[in-house]
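Take a look at the structure below.
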Amino acid sequence: MAGPYRSRPMSESRAIPWSAIGLALAAGVFMLAAGTDFWIALAVVAIWIGSAFLLTPAPQTYVPRPEGMQLTRDGMRELIEHSGMPLLLLDDERIVMANAEAREVLGRHILGQDARVAFRHPAAVDLLARERGGSVTVQGLTGPRSSWQMTRQPIDGRYWLIELINRTAEADISRAHTDFVANASHELRTPLASIIGYVETLAEEGDDAEPERARKFLDTVLREAKRLQHLVDDLLSLSRVEAEKHDQPRSKLDLNMIAERAARDGAGPERAERIALHLPEHPVTVRGDSEQVEQVVRNLVDNALKYGDADGRVDVSLSLDERDMAVLQVRDRGEGIEPEHLPHLTRRFYRTDPGRSRAAGGTGLGLAIVKHIVERHRGRLDIESKRGQGTTVTIRMPTVGADGEDLS
């Protein structure tokens with residue numbers, strides 16, 4: 001951009017360098033006095049004076065800048081075209097300009113349209129009718145669950161700038177947090193209500209309570225308290241895993257050894273005979289957090305034993321695929337899961353059979369925790385199930401070579 005000064009044209013006169021001319025003449029006189037040839041002295045003086053004229057800069061003329069910003073329509077189009085947010089320029093109510101983002105969101109056909117027709121939303125139409133502009137939230141502008149902040153600003157008495165900011169992701173996060181709090185509160189309320197009810201009954205009966213009945217009530221209180229403890233533990237675990245999801249683990253682990261230990265821990269002594277391990281003889285090395293990887297295996301084995309065939313076997317296998325990815329599978333031989341439930345199994349508190357899950361002591365958070373841990377380890381989680389044949393959960397994780405480099 002040019003500054004406020006400009007050079008004079010070549011025809012304009014330059015300032016005369018009087019001091020340089022004086023020095024040149026004095027030098028000429030000195031040379032003549034020293035006996036130098038007249039023509040040589042004259043040539044030196046002429047060259048000196050000519051050089052002084054050449055080196056004298058041309059004077060600068062101050063040109064004041066015009067007040068305010070002056071943009072042509074082409075300049076305005078170039079200014080907004082590559083903006084990262086949708087921007088539109090309105091001539092009164094008609095759309096005369098829309099950048100690439102706006103055309104992507106609203107369609108290329110909006111150019112030349114009345115803005116009220118292009119937006120077709122009561123909140124947007126109300127904003128367009130305001131004399132001083134402003135900002136509104138427009139729900140459902142580009143989809144049923146979309147949320148946009150629309151701002152209208154005047155440029156002068158004729159033109160208006162429309163700015164659209166996508167708030168859909170923020171709205172989705174807010175809804176997810178609201179749903180999570182509501183679901184967690186419901187899950188916590190159920191065991192708490194049971195505990196309070198039985199304790200109040202025991203307190204009212206006091207010493208008159210029948211020993212057998214009192215023991216039964218206390219067993220129920222203990223069971224519900226343990227269920228409450230498991231739920232709180234899973235909530236804390238999920239919160240911790242989500243907080244660390246961008247912190248990729250760097251420790252090298254022997255997945256073979258971890259899978260064997262975690263599978264037996266998940267089954268416990270009373271269910272150990274139902275576990276069938278199919279593990280390779282050689283180590284399978286991955287990068288990971290040992291506690292979280294063990295938690296994944298324990299959760300999957302516990303789910304398979306709870307919801308699979310009560311007397312059936314649960315297979316835990318580990319192998320390498322053609323890409324040198326570690327493939328960990330946990331398979332049960334239960335009733336299987338209906339296809340419509342499969343995409344939702346990793347959602348928090350999602351249950352295919354709520355009554356059966358609660359009776360088995362499930363919190364509805366196990367697979368959500370597994371999903372977040374697997375994602376943190378750059379892995380992939382797949383769940384396959386067929387009615388009458390059981391369910392197979394497969395986890396794929398990158399392996400590490402002997403030199404410490406990732407193989408997959």
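Starting from 1 in every chain, residues are counted up; chains themselves are A, B, ... following the order of the structure tokens, and ligands are numbered from 1 as listed.
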
Apply DSSP to the structure's backbone, then extract all residues of region 164-308 of chain A labelled strand (DSSP E or B) and return them as a list in words.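 Output for region 164-308 of chain A, strand (DSSP E or B) only: Leu164, Ile165, Asn166, Lys252, Leu253, Asp254, Ile275, Ala276, Leu277, His278, Thr285, Val286 and Arg287 of chain A.
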
Could those residues be written to a file, using N, CA, C and O atoms, as a PDB file, in the first residue's frame?
```pdb
ATOM      1  N   LEU A 164     -22.199 -15.714   9.603  1.00  0.00           N
ATOM      2  CA  LEU A 164     -22.757 -16.940  10.179  1.00  0.00           C
ATOM      3  C   LEU A 164     -21.660 -17.708  10.905  1.00  0.00           C
ATOM      4  O   LEU A 164     -20.600 -17.978  10.324  1.00  0.00           O
ATOM      5  N   ILE A 165     -21.907 -18.070  12.163  1.00  0.00           N
ATOM      6  CA  ILE A 165     -20.954 -18.853  12.955  1.00  0.00           C
ATOM      7  C   ILE A 165     -21.632 -20.160  13.346  1.00  0.00           C
ATOM      8  O   ILE A 165     -22.713 -20.157  13.948  1.00  0.00           O
ATOM      9  N   ASN A 166     -20.996 -21.271  13.021  1.00  0.00           N
ATOM     10  CA  ASN A 166     -21.572 -22.588  13.300  1.00  0.00           C
ATOM     11  C   ASN A 166     -21.379 -22.942  14.772  1.00  0.00           C
ATOM     12  O   ASN A 166     -20.261 -23.129  15.236  1.00  0.00           O
ATOM     13  N   LYS A 252       6.256 -49.488  26.397  1.00  0.00           N
ATOM     14  CA  LYS A 252       6.109 -50.738  25.654  1.00  0.00           C
ATOM     15  C   LYS A 252       5.589 -51.831  26.585  1.00  0.00           C
ATOM     16  O   LYS A 252       6.087 -52.010  27.687  1.00  0.00           O
ATOM     17  N   LEU A 253       4.568 -52.551  26.114  1.00  0.00           N
ATOM     18  CA  LEU A 253       3.924 -53.580  26.924  1.00  0.00           C
ATOM     19  C   LEU A 253       3.890 -54.896  26.173  1.00  0.00           C
ATOM     20  O   LEU A 253       3.792 -54.927  24.942  1.00  0.00           O
ATOM     21  N   ASP A 254       3.972 -55.992  26.927  1.00  0.00           N
ATOM     22  CA  ASP A 254       3.776 -57.326  26.359  1.00  0.00           C
ATOM     23  C   ASP A 254       2.283 -57.634  26.464  1.00  0.00           C
ATOM     24  O   ASP A 254       1.779 -58.006  27.526  1.00  0.00           O
ATOM     25  N   ILE A 275     -13.036 -69.755  31.139  1.00  0.00           N
ATOM     26  CA  ILE A 275     -12.146 -68.983  30.262  1.00  0.00           C
ATOM     27  C   ILE A 275     -11.244 -69.918  29.474  1.00  0.00           C
ATOM     28  O   ILE A 275     -10.585 -70.801  30.045  1.00  0.00           O
ATOM     29  N   ALA A 276     -11.204 -69.737  28.144  1.00  0.00           N
ATOM     30  CA  ALA A 276     -10.292 -70.482  27.272  1.00  0.00           C
ATOM     31  C   ALA A 276      -9.350 -69.485  26.609  1.00  0.00           C
ATOM     32  O   ALA A 276      -9.796 -68.624  25.846  1.00  0.00           O
ATOM     33  N   LEU A 277      -8.061 -69.573  26.919  1.00  0.00           N
ATOM     34  CA  LEU A 277      -7.066 -68.633  26.387  1.00  0.00           C
ATOM     35  C   LEU A 277      -6.396 -69.211  25.146  1.00  0.00           C
ATOM     36  O   LEU A 277      -5.985 -70.385  25.142  1.00  0.00           O
ATOM     37  N   HIS A 278      -6.284 -68.425  24.104  1.00  0.00           N
ATOM     38  CA  HIS A 278      -5.606 -68.822  22.866  1.00  0.00           C
ATOM     39  C   HIS A 278      -4.567 -67.737  22.572  1.00  0.00           C
ATOM     40  O   HIS A 278      -4.812 -66.801  21.805  1.00  0.00           O
ATOM     41  N   THR A 285       4.257 -57.013  21.342  1.00  0.00           N
ATOM     42  CA  THR A 285       4.588 -55.754  22.003  1.00  0.00           C
ATOM     43  C   THR A 285       3.781 -54.591  21.419  1.00  0.00           C
ATOM     44  O   THR A 285       3.723 -54.413  20.200  1.00  0.00           O
ATOM     45  N   VAL A 286       3.170 -53.810  22.302  1.00  0.00           N
ATOM     46  CA  VAL A 286       2.415 -52.621  21.901  1.00  0.00           C
ATOM     47  C   VAL A 286       2.830 -51.457  22.798  1.00  0.00           C
ATOM     48  O   VAL A 286       3.458 -51.660  23.841  1.00  0.00           O
ATOM     49  N   ARG A 287       2.482 -50.258  22.385  1.00  0.00           N
ATOM     50  CA  ARG A 287       2.665 -49.096  23.251  1.00  0.00           C
ATOM     51  C   ARG A 287       1.355 -48.841  23.988  1.00  0.00           C
ATOM     52  O   ARG A 287       0.301 -48.768  23.360  1.00  0.00           O
TER      53      ARG A 287
END
```

Just list as number ranges by chain whatever in region 257-360 of chain A DSSP marks as helix (DSSP H, G or I). A: 257-267, 269-274, 290-307, 339-344, 354-359

Looking at only C-alpha atoms, which of A:Met31, A:Leu328, A:Ala304, A:Leu231 is the one that sits closest to Asn256 (chain A)?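 For Asn256 (chain A), the nearest of the candidates is A:Leu328.
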
Please report the interatomic distance between CA of Asp324 (chain A) and CA of Gln292 (chain A) in Å with one decimal.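 Interatomic distance here is 21.7 Å.
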
For Thr399 (chain A), the closest of A:Leu367, A:Val199, A:Leu320, A:Ile155 counting only C-alpha atoms is A:Leu320

Write out as a PyMOL selection string the residues lying within 12 Å of Ala225 (chain A), counting only C-alpha atoms and excluding same-chain residues fewer than 6 positions away. chain A and resi 188-196+198-199+218-219+231-232+361

Quick one: residues within 12 Å of region 172-186 of chain A, only C-alpha atoms counted, chain neighbours fewer than 4 positions away excluded, as a list in words?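 That gives Arg145, Ser146, Ser147, Asn166, Arg167, Thr168, Thr190, Pro191, Leu192, Ala193, Leu228, Leu231, Val232, Asp234, Leu235, Leu236, Leu238, Ser239, Arg347, Arg348, Phe349, Tyr350, Thr363, Gly364 and Leu365 of chain A.
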
Find the residues of region 247-358 of chain A that sit at most 7 Å from region 375-391 of chain A; for each, write down the nearest two atoms and how far apart they are in Å, to one decimal. Count only C-alpha atoms. Sort by chain, then by number going up, and give it as CSV.
```
residue,atom,partner,partner_atom,distance
A:Gln248,CA,A:Arg376,CA,6.0
A:Pro249,CA,A:His377,CA,6.8
A:Gly288,CA,A:His377,CA,6.2
A:Gly308,CA,A:Gly390,CA,7.0
A:Arg331,CA,A:Thr391,CA,5.7
A:Asp332,CA,A:Gly390,CA,5.4
A:Arg333,CA,A:Gly390,CA,4.2
A:Gly334,CA,A:Gly390,CA,4.4
A:Glu335,CA,A:Gly388,CA,4.6
A:Gly336,CA,A:Gly390,CA,4.2
A:Ile337,CA,A:Ser385,CA,5.7
A:Glu338,CA,A:Arg387,CA,6.6
```

Within 7 Å of His372 (chain A) using only C-alpha atoms, minus same-chain residues under 5 positions, as a ChimeraX atom specification: /A:241-242,245

Can I get the selection written as a tab-separated table (two decimals), in the first residue's frame, with all heavy atoms?
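Result went into again.tsv, see below:
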```
chain	number	residue	atom	x	y	z
A	241	VAL	N	-10.17	-41.38	31.72
A	241	VAL	CA	-9.79	-41.80	30.37
A	241	VAL	C	-10.05	-40.68	29.37
A	241	VAL	O	-9.22	-40.41	28.49
A	241	VAL	CB	-10.56	-43.08	29.97
A	241	VAL	CG1	-10.35	-43.38	28.50
A	241	VAL	CG2	-10.10	-44.26	30.81
A	242	GLU	N	-11.18	-40.00	29.48
A	242	GLU	CA	-11.49	-38.90	28.56
A	242	GLU	C	-10.51	-37.75	28.72
A	242	GLU	O	-10.16	-37.09	27.74
A	242	GLU	CB	-12.92	-38.42	28.79
A	242	GLU	CG	-13.98	-39.39	28.28
A	242	GLU	CD	-15.37	-38.84	28.45
A	242	GLU	OE1	-15.59	-38.05	29.40
A	242	GLU	OE2	-16.25	-39.21	27.66
A	245	LYS	N	-7.30	-38.67	26.77
A	245	LYS	CA	-7.46	-39.27	25.44
A	245	LYS	C	-6.48	-38.71	24.39
A	245	LYS	O	-6.19	-39.38	23.40
A	245	LYS	CB	-8.89	-39.10	24.95
A	245	LYS	CG	-9.33	-37.67	24.74
A	245	LYS	CD	-10.79	-37.63	24.30
A	245	LYS	CE	-11.27	-36.20	24.11
A	245	LYS	NZ	-12.70	-36.17	23.71
```

Using Å and a single decimal, report how far CA of Trp160 (chain A) sits from CA of Ala118 (chain A).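 Between CA of Ala118 (chain A) and CA of Trp160 (chain A) the gap works out to 15.2 Å.
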
Could you tell me which of A:Leu89, A:Ala98, A:Ala267, A:Ala259 comes closest to Gln329 (chain A) if we count only C-alpha atoms? A:Ala259

May I ask for the distance between CA of Asp126 (chain A) and CA of Arg152 (chain A), given in Å to one decimal place? 11.1 Å
